[in-house]
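Okay, protein23.cif is below, mmCIF, C-alpha atoms:
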data_query
#
loop_
_atom_site.label_atom_id
_atom_site.label_comp_id
_atom_site.auth_asym_id
_atom_site.auth_seq_id
_atom_site.Cartn_x
_atom_site.Cartn_y
_atom_site.Cartn_z
CA MET A 1 292.76 30.22 -1.88
CA ASP A 2 293.03 26.57 -3.01
CA PHE A 3 296.53 25.21 -3.48
CA GLN A 4 296.22 24.73 -7.24
CA THR A 5 295.28 28.38 -7.79
CA VAL A 6 298.08 29.62 -5.53
CA ALA A 7 300.70 27.43 -7.24
CA SER A 8 299.64 28.18 -10.81
CA THR A 9 299.21 31.96 -10.44
CA ARG A 10 302.20 32.72 -8.19
CA ARG A 11 304.93 34.71 -9.85
CA THR A 12 308.23 36.19 -8.71
CA ILE A 13 307.79 39.89 -7.87
CA ARG A 14 310.47 42.52 -8.43
CA ARG A 15 308.55 45.74 -7.77
CA PHE A 16 307.12 46.40 -4.35
CA GLU A 17 304.75 48.88 -2.74
CA GLN A 18 306.42 51.05 -0.12
CA ARG A 19 304.45 49.74 2.86
CA GLU A 20 305.64 47.32 5.45
CA VAL A 21 304.57 43.69 5.72
CA PRO A 22 302.90 43.08 9.11
CA GLU A 23 304.89 40.93 11.51
CA THR A 24 302.02 38.42 11.75
CA GLU A 25 302.28 37.79 8.00
CA LEU A 26 306.04 37.28 8.14
CA ARG A 27 305.62 34.89 11.05
CA HIS A 28 303.08 32.98 8.98
CA LEU A 29 305.62 32.52 6.16
CA ILE A 30 308.12 30.98 8.58
CA ASP A 31 305.35 28.87 10.06
CA MET A 32 304.56 27.40 6.64
CA ALA A 33 308.26 26.93 5.84
CA ARG A 34 308.80 24.88 8.98
CA TYR A 35 306.26 22.27 7.79
CA SER A 36 308.06 21.72 4.49
CA SER A 37 309.87 18.51 3.65
CA CYS A 38 313.40 18.17 4.98
CA ALA A 39 315.98 15.39 5.01
CA SER A 40 315.47 13.04 7.98
CA ASN A 41 313.25 15.69 9.67
CA LYS A 42 316.44 17.34 11.00
CA GLN A 43 315.25 20.94 10.37
CA PRO A 44 318.68 22.56 10.15
CA LEU A 45 317.48 25.78 8.48
CA ARG A 46 317.35 29.03 10.44
CA TYR A 47 315.70 32.27 9.31
CA LEU A 48 316.61 35.92 9.75
CA VAL A 49 313.72 38.31 9.18
CA ILE A 50 315.31 41.65 8.30
CA ARG A 51 313.14 44.76 8.62
CA GLU A 52 315.40 47.45 10.13
CA LYS A 53 315.47 50.04 7.36
CA GLU A 54 319.18 50.79 7.08
CA LEU A 55 320.00 47.08 7.27
CA VAL A 56 317.48 46.27 4.53
CA ARG A 57 319.04 48.98 2.35
CA GLN A 58 322.55 47.60 2.84
CA ILE A 59 321.42 44.06 2.04
CA PHE A 60 319.42 45.28 -0.96
CA GLU A 61 322.66 46.80 -2.30
CA THR A 62 324.32 43.36 -2.34
CA THR A 63 321.55 41.76 -4.45
CA ARG A 64 321.67 41.24 -8.22
CA TRP A 65 318.33 41.30 -10.05
CA ALA A 66 317.09 39.49 -13.15
CA GLY A 67 319.64 40.06 -15.89
CA LEU A 68 317.34 39.69 -18.89
CA VAL A 69 315.11 42.57 -17.81
CA ALA A 70 317.74 44.86 -16.30
CA PRO A 71 317.72 47.73 -15.65
CA ARG A 72 313.94 48.06 -16.02
CA ARG A 73 313.15 45.38 -13.41
CA THR A 74 315.92 46.32 -11.01
CA PRO A 75 314.02 48.18 -8.29
CA GLN A 76 315.22 51.48 -6.88
CA TRP A 77 315.67 52.04 -3.22
CA GLY A 78 312.88 54.23 -1.80
CA VAL A 79 310.78 53.79 -4.97
CA ASP A 80 309.90 50.13 -5.48
CA ALA A 81 312.56 48.17 -3.61
CA PRO A 82 311.53 45.54 -1.01
CA LEU A 83 311.28 46.65 2.63
CA CYS A 84 311.94 43.21 4.04
CA PHE A 85 314.27 40.27 3.41
CA ILE A 86 314.20 36.82 4.90
CA ALA A 87 317.67 35.24 4.94
CA VAL A 88 317.71 31.45 4.87
CA THR A 89 320.74 30.16 6.75
CA ALA A 90 322.22 26.77 7.60
CA PRO A 91 325.21 25.21 9.36
CA GLU A 92 328.38 25.62 7.25
CA ASN A 93 329.02 21.88 7.29
CA ALA A 94 325.56 20.97 5.95
CA GLY A 95 325.90 18.92 2.76
CA THR A 96 324.52 19.45 -0.74
CA PHE A 97 321.04 18.30 0.28
CA ILE A 98 320.64 21.42 2.41
CA HIS A 99 319.89 23.24 -0.86
CA ALA A 100 316.96 20.89 -1.45
CA ASP A 101 315.69 21.55 2.08
CA ALA A 102 316.03 25.29 1.44
CA GLY A 103 314.29 25.04 -1.94
CA ALA A 104 311.33 23.22 -0.40
CA ALA A 105 311.08 25.73 2.46
CA ILE A 106 311.35 28.77 0.18
CA GLN A 107 308.73 27.36 -2.21
CA SER A 108 306.36 27.02 0.76
CA MET A 109 307.13 30.57 1.89
CA GLU A 110 306.49 31.94 -1.59
CA LEU A 111 303.17 30.10 -1.89
CA ALA A 112 302.11 31.17 1.61
CA ALA A 113 302.98 34.76 0.70
CA TRP A 114 300.99 34.63 -2.53
CA GLU A 115 297.91 33.32 -0.72
CA ARG A 116 298.14 36.43 1.51
CA LYS A 117 298.53 38.82 -1.47
CA LEU A 118 302.26 39.19 -0.90
CA GLY A 119 305.02 38.65 -3.43
CA CYS A 120 308.57 37.30 -3.15
CA CYS A 121 311.82 37.33 -5.06
CA TRP A 122 314.27 34.50 -4.26
CA PHE A 123 317.98 35.35 -4.56
CA ALA A 124 321.00 33.16 -4.98
CA SER A 125 322.88 36.17 -6.42
CA PHE A 126 324.05 38.37 -3.57
CA ASP A 127 327.14 38.83 -1.42
CA PRO A 128 326.79 36.16 1.30
CA GLU A 129 329.87 37.29 3.25
CA LYS A 130 328.58 40.85 3.38
CA VAL A 131 325.12 39.67 4.51
CA GLN A 132 326.77 37.44 7.11
CA GLU A 133 328.70 40.44 8.43
CA LEU A 134 325.71 42.80 8.40
CA THR A 135 323.43 40.36 10.22
CA LEU A 136 326.06 39.29 12.75
CA LEU A 137 325.41 35.68 11.77
CA PRO A 138 327.22 33.40 14.23
CA ALA A 139 330.36 31.59 13.08
CA GLY A 140 329.55 28.12 11.80
CA TYR A 141 326.50 29.34 9.88
CA LYS A 142 326.22 30.54 6.29
CA VAL A 143 323.56 32.44 4.34
CA LEU A 144 322.22 30.20 1.56
CA TYR A 145 319.54 32.40 0.04
CA LEU A 146 317.69 35.69 0.44
CA VAL A 147 313.98 36.13 -0.12
CA ALA A 148 312.58 39.64 -0.63
CA VAL A 149 309.00 39.91 0.65
CA GLY A 150 306.49 42.70 0.06
CA PHE A 151 303.24 43.85 -1.48
CA PRO A 152 303.45 43.43 -5.27
CA ALA A 153 303.55 46.54 -7.46
CA GLU A 154 303.60 44.58 -10.74
CA GLU A 155 301.55 41.78 -12.29
CA PRO A 156 303.77 39.36 -14.22
CA VAL A 157 302.12 36.72 -16.39
CA THR A 158 303.00 33.14 -17.25
CA GLU A 159 302.72 31.86 -20.80
CA ASN A 160 303.56 28.70 -22.71
CA ALA A 161 307.13 28.58 -23.95
CA GLU A 162 307.34 28.36 -27.73
CA ASN A 163 309.99 26.08 -29.21
CA GLY A 164 311.56 25.68 -25.79
CA ASP A 165 312.40 29.38 -25.49
CA VAL A 166 312.23 30.19 -21.76
CA ALA A 167 313.69 33.71 -21.89
CA TYR A 168 311.47 36.06 -19.87
CA TYR A 169 310.83 39.54 -21.24
CA LEU A 170 309.00 42.83 -20.73
CA ASP A 171 306.35 43.76 -23.28
CA GLU A 172 305.51 47.23 -24.59
CA ASN A 173 303.21 47.79 -21.60
CA ASP A 174 306.01 46.95 -19.17
CA VAL A 175 304.40 43.63 -18.19
CA LEU A 176 306.81 40.79 -17.41
CA HIS A 177 306.14 37.57 -19.36
CA VAL A 178 307.50 34.28 -17.99
CA PRO A 179 307.42 31.37 -20.48
CA LYS A 180 307.00 27.89 -18.98
CA LEU A 181 307.62 24.52 -20.62
CA SER A 182 304.54 22.28 -20.78
CA ALA A 183 304.19 19.14 -18.65
CA ASP A 184 304.53 17.05 -21.84
CA GLU A 185 307.85 18.67 -22.72
CA ILE A 186 309.43 17.81 -19.39
CA THR A 187 307.96 14.35 -18.70
CA ARG A 188 308.69 10.83 -19.90
CA TRP A 189 306.25 8.03 -18.98
CA LEU A 190 307.56 4.56 -18.17
CA MET B 1 291.74 22.94 -0.03
CA ASP B 2 293.34 26.26 0.94
CA PHE B 3 297.11 26.44 0.78
CA GLN B 4 297.59 26.90 4.52
CA THR B 5 295.63 23.72 5.33
CA VAL B 6 297.49 21.72 2.68
CA ALA B 7 300.91 22.92 3.85
CA SER B 8 300.28 22.45 7.56
CA THR B 9 298.62 19.02 7.38
CA ARG B 10 300.78 17.40 4.70
CA ARG B 11 302.99 14.60 5.93
CA THR B 12 305.41 12.18 4.30
CA ILE B 13 303.68 8.85 3.65
CA ARG B 14 305.46 5.47 3.83
CA ARG B 15 302.54 3.04 3.58
CA PHE B 16 300.42 2.97 0.47
CA GLU B 17 297.16 1.41 -0.68
CA GLN B 18 297.59 -1.11 -3.46
CA ARG B 19 295.66 0.82 -6.11
CA GLU B 20 297.13 2.83 -8.93
CA VAL B 21 297.22 6.60 -9.12
CA PRO B 22 295.29 7.81 -12.21
CA GLU B 23 297.44 9.30 -14.96
CA THR B 24 295.51 12.60 -14.78
CA GLU B 25 296.57 13.00 -11.16
CA LEU B 26 300.22 12.30 -11.92
CA ARG B 27 300.10 14.77 -14.79
CA HIS B 28 298.68 17.34 -12.37
CA LEU B 29 301.67 16.90 -10.03
CA ILE B 30 304.09 17.63 -12.88
CA ASP B 31 301.93 20.54 -13.93
CA MET B 32 302.22 22.09 -10.47
CA ALA B 33 305.95 21.35 -10.30
CA ARG B 34 306.59 23.20 -13.55
CA TYR B 35 305.25 26.46 -12.03
CA SER B 36 307.65 26.32 -9.10
CA SER B 37 310.50 28.77 -8.65
CA CYS B 38 313.67 28.01 -10.54
CA ALA B 39 316.94 29.83 -11.08
CA SER B 40 316.72 32.30 -13.99
CA ASN B 41 313.54 30.52 -15.22
CA LYS B 42 315.77 27.99 -17.01
CA GLN B 43 313.62 24.94 -16.10
CA PRO B 44 316.36 22.31 -16.39
CA LEU B 45 314.48 19.59 -14.47
CA ARG B 46 313.00 16.61 -16.30
CA TYR B 47 310.63 14.03 -14.82
CA LEU B 48 310.25 10.31 -15.30
CA VAL B 49 306.90 8.92 -14.20
CA ILE B 50 307.47 5.23 -13.49
CA ARG B 51 304.40 2.95 -13.35
CA GLU B 52 305.41 -0.26 -15.16
CA LYS B 53 305.11 -2.80 -12.36
CA GLU B 54 308.40 -4.69 -12.70
CA LEU B 55 310.30 -1.43 -13.12
CA VAL B 56 308.66 0.05 -10.02
CA ARG B 57 309.63 -3.07 -8.07
CA GLN B 58 313.26 -2.86 -9.16
CA ILE B 59 313.45 0.82 -8.29
CA PHE B 60 311.71 0.22 -4.96
CA GLU B 61 314.47 -2.26 -4.13
CA THR B 62 317.12 0.48 -4.47
CA THR B 63 315.38 2.80 -1.96
CA ARG B 64 316.30 3.15 1.70
CA TRP B 65 313.48 4.09 4.06
CA ALA B 66 313.39 6.12 7.29
CA GLY B 67 316.06 4.71 9.59
CA LEU B 68 314.52 5.70 12.92
CA VAL B 69 311.33 3.71 12.29
CA ALA B 70 312.83 0.74 10.44
CA PRO B 71 311.81 -1.94 9.88
CA ARG B 72 308.20 -1.09 10.87
CA ARG B 73 307.88 1.78 8.36
CA THR B 74 309.77 0.07 5.56
CA PRO B 75 306.96 -1.01 3.24
CA GLN B 76 306.82 -4.51 1.75
CA TRP B 77 306.44 -5.09 -1.95
CA GLY B 78 302.91 -6.21 -2.78
CA VAL B 79 301.61 -5.22 0.66
CA ASP B 80 302.03 -1.49 1.23
CA ALA B 81 304.82 -0.41 -1.13
CA PRO B 82 304.26 2.46 -3.60
CA LEU B 83 303.05 1.59 -7.11
CA CYS B 84 304.55 4.70 -8.69
CA PHE B 85 307.75 6.71 -8.54
CA ILE B 86 308.54 10.07 -10.09
CA ALA B 87 312.26 10.47 -10.75
CA VAL B 88 313.51 14.05 -10.79
CA THR B 89 316.43 14.35 -13.19
CA ALA B 90 318.74 17.14 -14.36
CA PRO B 91 321.73 17.71 -16.62
CA GLU B 92 324.90 16.27 -15.06
CA ASN B 93 326.69 19.61 -15.32
CA ALA B 94 323.98 21.53 -13.45
CA GLY B 95 325.49 23.28 -10.42
CA THR B 96 324.61 23.09 -6.74
CA PHE B 97 321.56 25.33 -7.19
CA ILE B 98 319.83 22.56 -9.13
CA HIS B 99 319.11 20.98 -5.76
CA ALA B 100 317.22 24.13 -4.74
CA ASP B 101 315.23 23.99 -7.99
CA ALA B 102 314.47 20.33 -7.30
CA GLY B 103 313.50 21.02 -3.69
CA ALA B 104 311.05 23.72 -4.77
CA ALA B 105 309.54 21.49 -7.48
CA ILE B 106 309.20 18.48 -5.18
CA GLN B 107 307.61 20.56 -2.44
CA SER B 108 305.00 21.73 -4.98
CA MET B 109 304.39 18.15 -6.12
CA GLU B 110 303.95 16.96 -2.55
CA LEU B 111 301.49 19.74 -1.75
CA ALA B 112 299.58 19.16 -5.00
CA ALA B 113 299.39 15.45 -4.15
CA TRP B 114 298.13 16.12 -0.64
CA GLU B 115 295.36 18.39 -1.95
CA ARG B 116 294.22 15.42 -4.09
CA LYS B 117 294.32 12.94 -1.16
CA LEU B 118 297.60 11.44 -2.34
CA GLY B 119 300.77 11.01 -0.31
CA CYS B 120 304.46 11.17 -1.22
CA CYS B 121 307.81 10.06 0.13
CA TRP B 122 310.84 11.99 -1.13
CA PHE B 123 314.10 10.00 -1.43
CA ALA B 124 317.68 11.11 -1.58
CA SER B 125 318.73 7.63 -0.40
CA PHE B 126 318.64 5.24 -3.34
CA ASP B 127 321.03 3.90 -5.97
CA PRO B 128 321.09 6.60 -8.67
CA GLU B 129 323.29 4.61 -11.08
CA LYS B 130 320.93 1.64 -10.88
CA VAL B 131 317.89 3.88 -11.46
CA GLN B 132 319.70 5.54 -14.36
CA GLU B 133 320.34 2.13 -15.90
CA LEU B 134 316.79 0.84 -15.31
CA THR B 135 315.14 3.92 -16.79
CA LEU B 136 317.51 4.19 -19.75
CA LEU B 137 318.20 7.77 -18.75
CA PRO B 138 320.20 9.44 -21.55
CA ALA B 139 323.89 10.13 -20.98
CA GLY B 140 324.46 13.64 -19.68
CA TYR B 141 321.54 13.40 -17.25
CA LYS B 142 321.49 12.26 -13.64
CA VAL B 143 318.74 11.24 -11.23
CA LEU B 144 318.67 13.71 -8.33
CA TYR B 145 315.73 12.42 -6.32
CA LEU B 146 312.89 9.91 -6.32
CA VAL B 147 309.38 10.65 -5.12
CA ALA B 148 307.05 7.75 -4.30
CA VAL B 149 303.40 8.66 -4.97
CA GLY B 150 300.28 6.80 -3.89
CA PHE B 151 297.13 6.69 -1.80
CA PRO B 152 298.08 6.92 1.89
CA ALA B 153 297.56 3.90 4.12
CA GLU B 154 298.76 5.62 7.28
CA GLU B 155 298.00 8.91 9.08
CA PRO B 156 301.15 10.44 10.55
CA VAL B 157 300.81 13.41 12.89
CA THR B 158 302.93 16.50 13.48
CA GLU B 159 303.65 17.71 17.00
CA ASN B 160 305.76 20.40 18.65
CA ALA B 161 309.34 19.34 19.27
CA GLU B 162 310.24 19.37 22.96
CA ASN B 163 313.68 20.65 23.94
CA GLY B 164 314.70 20.63 20.28
CA ASP B 165 314.26 16.85 19.96
CA VAL B 166 313.23 16.25 16.33
CA ALA B 167 313.50 12.45 16.31
CA TYR B 168 310.34 10.98 14.75
CA TYR B 169 308.86 7.85 16.31
CA LEU B 170 306.02 5.32 16.19
CA ASP B 171 303.68 5.22 19.19
CA GLU B 172 302.00 2.16 20.71
CA ASN B 173 299.18 2.44 18.14
CA ASP B 174 301.67 2.39 15.25
CA VAL B 175 301.06 6.09 14.48
CA LEU B 176 304.08 8.03 13.24
CA HIS B 177 304.80 11.25 15.17
CA VAL B 178 306.89 13.97 13.51
CA PRO B 179 308.15 16.68 15.90
CA LYS B 180 308.62 20.15 14.39
CA LEU B 181 310.53 23.11 15.81
CA SER B 182 308.40 26.21 16.43
CA ALA B 183 308.70 29.35 14.29
CA ASP B 184 310.21 31.15 17.31
CA GLU B 185 312.95 28.54 17.70
CA ILE B 186 314.14 28.94 14.11
CA THR B 187 313.75 32.71 13.58
CA ARG B 188 315.74 35.77 14.56
CA TRP B 189 314.20 39.21 13.97
CA LEU B 190 316.40 42.13 12.89
#

Take the structure in the file and give it back as structure tokens.
Amino acid sequence: MDFQTVASTRRTIRRFEQREVPETELRHLIDMARYSSCASNKQPLRYLVIREKELVRQIFETTRWAGLVAPRRTPQWGVDAPLCFIAVTAPENAGTFIHADAGAAIQSMELAAWERKLGCCWFASFDPEKVQELTLLPAGYKVLYLVAVGFPAEEPVTENAENGDVAYYLDENDVLHVPKLSADEITRWL
Amino acid sequence: MDFQTVASTRRTIRRFEQREVPETELRHLIDMARYSSCASNKQPLRYLVIREKELVRQIFETTRWAGLVAPRRTPQWGVDAPLCFIAVTAPENAGTFIHADAGAAIQSMELAAWERKLGCCWFASFDPEKVQELTLLPAGYKVLYLVAVGFPAEEPVTENAENGDVAYYLDENDVLHVPKLSADEITRWL
């Protein structure tokens, strides 16, 4: 799929089919992440791919899902919850720019997933200490973000934001709508 | 070009042809950036596309280029310097996660550029106060990053890092080599 189509159709997914993502696909996501831009080519990010069922369940329980469409888009374990998380970790003493490195890498993972008919949900809202403990993350490292990965069981749509209103919502058919500002609204030309 | 090819062949570019990037192409980069993941869909990032020649020159003078290959990969104004910058800005009171939003957006811009035969160089090293002053950025906003955009006048290559050595270098033919860690080296499976 060409890049433009991947980037413009990709959406965050919060409902997942209950089948596992093949290891080759997960490896591909990391492979694409490792090519992403990073400060001074230092590549400090490390990834934990979490598939062991009980561990996934415990990590799932620490995540907080989109507030504006709760509880309808908060998945239920064993019904439509993700079966895999990728934890993005970094040295504790990494500076603020590590979040930019992580953002670039996660964006690449999400696009790579979408090209392979997979969907992702990127979390900053979870209990990092609990995830650190559950994954036996070595001292000196911290969990920056979680990314749920799975086969999508919903089809969210993007639409143009009206009057700058970017609040996402579920319609009467339970479809998630995600309003986006136009390029003109967010750009100044000099 | 399919996403995988774009993502795996894209490289940072530090030498540029001296011809201008069409406005339609620059608009396309912002268009792809606006679809990227962002926290709670709030879309706080704003973009300045800087093409006015004297302004580009002044901003270019505030940028610091890759230290390990200086001065050979520090472009010269009027010879191989970029003719356009995109400044990525955000509200001053945005939290740490704004850097993740910016990283995701810039990664999308870089990939979109590469698909269109353009190259980018992403800067965290520049003088943000000077750029703020030059661009008349409104109070309450700050410049997070700069992205140089142009037609590539070099062809850097990626290679596998040996023994974890990620230092990039120029070879005897003046080709930039960028070592990347393998997926296995940066992943733990649970």

Practice task
Starting from the displayed file, determine the output of the PyMOL selection byres ((chain A) within 8 of (chain B)) and express the residue list as JSON, numbers by chain.
Solution key: {"A": [1, 2, 3, 4, 6, 7, 8, 10, 12, 27, 30, 31, 32, 34, 35, 36, 37, 40, 41, 42, 43, 45, 46, 47, 48, 49, 50, 51, 52, 66, 96, 97, 99, 100, 101, 102, 103, 104, 105, 106, 107, 108, 111, 112, 115, 135, 166, 167, 168, 178, 180, 181, 182, 183, 186, 187, 188, 189, 190]}

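Note that the spacing between atom CA of A:Glu129 and atom CA of A:Thr62 amounts to 9.9 Å.
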
Written as a PDB file with C-alpha atoms, in the coordinates of the input, what is the full residue list that the PyMOL selection byres ((chain B and resi 155) around 9) yields on the file shown?
ATOM      1  CA  ARG B  11     302.990  14.600   5.930  1.00  0.00           C
ATOM      2  CA  ILE B  13     303.680   8.850   3.650  1.00  0.00           C
ATOM      3  CA  PRO B 152     298.080   6.920   1.890  1.00  0.00           C
ATOM      4  CA  ALA B 153     297.560   3.900   4.120  1.00  0.00           C
ATOM      5  CA  GLU B 154     298.760   5.620   7.280  1.00  0.00           C
ATOM      6  CA  PRO B 156     301.150  10.440  10.550  1.00  0.00           C
ATOM      7  CA  VAL B 157     300.810  13.410  12.890  1.00  0.00           C
ATOM      8  CA  VAL B 175     301.060   6.090  14.480  1.00  0.00           C
ATOM      9  CA  LEU B 176     304.080   8.030  13.240  1.00  0.00           C
TER      10      LEU B 176
END

Handout entry: Output of the PyMOL selection byres ((chain B and resi 83) around 12), listed as a ChimeraX atom specification
Key = /B:14-22,49-60,75-82,84-86,119-120,147-152

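From atom CA of A:Arg64 back to atom CA of A:Phe126, the distance works out to 6.0 Å.
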
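Restricting the calculation to only C-alpha atoms, the smallest distance between A:Val143 and any of A:Glu159, A:Ala94, A:Ala113, A:Glu172 is found for A:Ala94.
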
Handout entry: Given all atoms listed in the file as the counted atoms, nearest of A:Leu144, A:Ala70, A:Val131, A:Leu26 to A:Leu118
Key = A:Leu26

Practice task
Give me, please, the distance in Å between atom CA of B:Leu137 and atom CA of B:Glu61, quoted to one decimal.
Solution key: 18.1 Å

As JSON, please: the centre and edge lengths in Å, to one decimal, of an axis-aligned box enclosing every listed atom of stretch 108-114 of chain A with 5 Å added on each side.
{"center_x": 304.1, "center_y": 30.9, "center_z": -0.3, "size_x": 16.1, "size_y": 17.7, "size_z": 14.4}
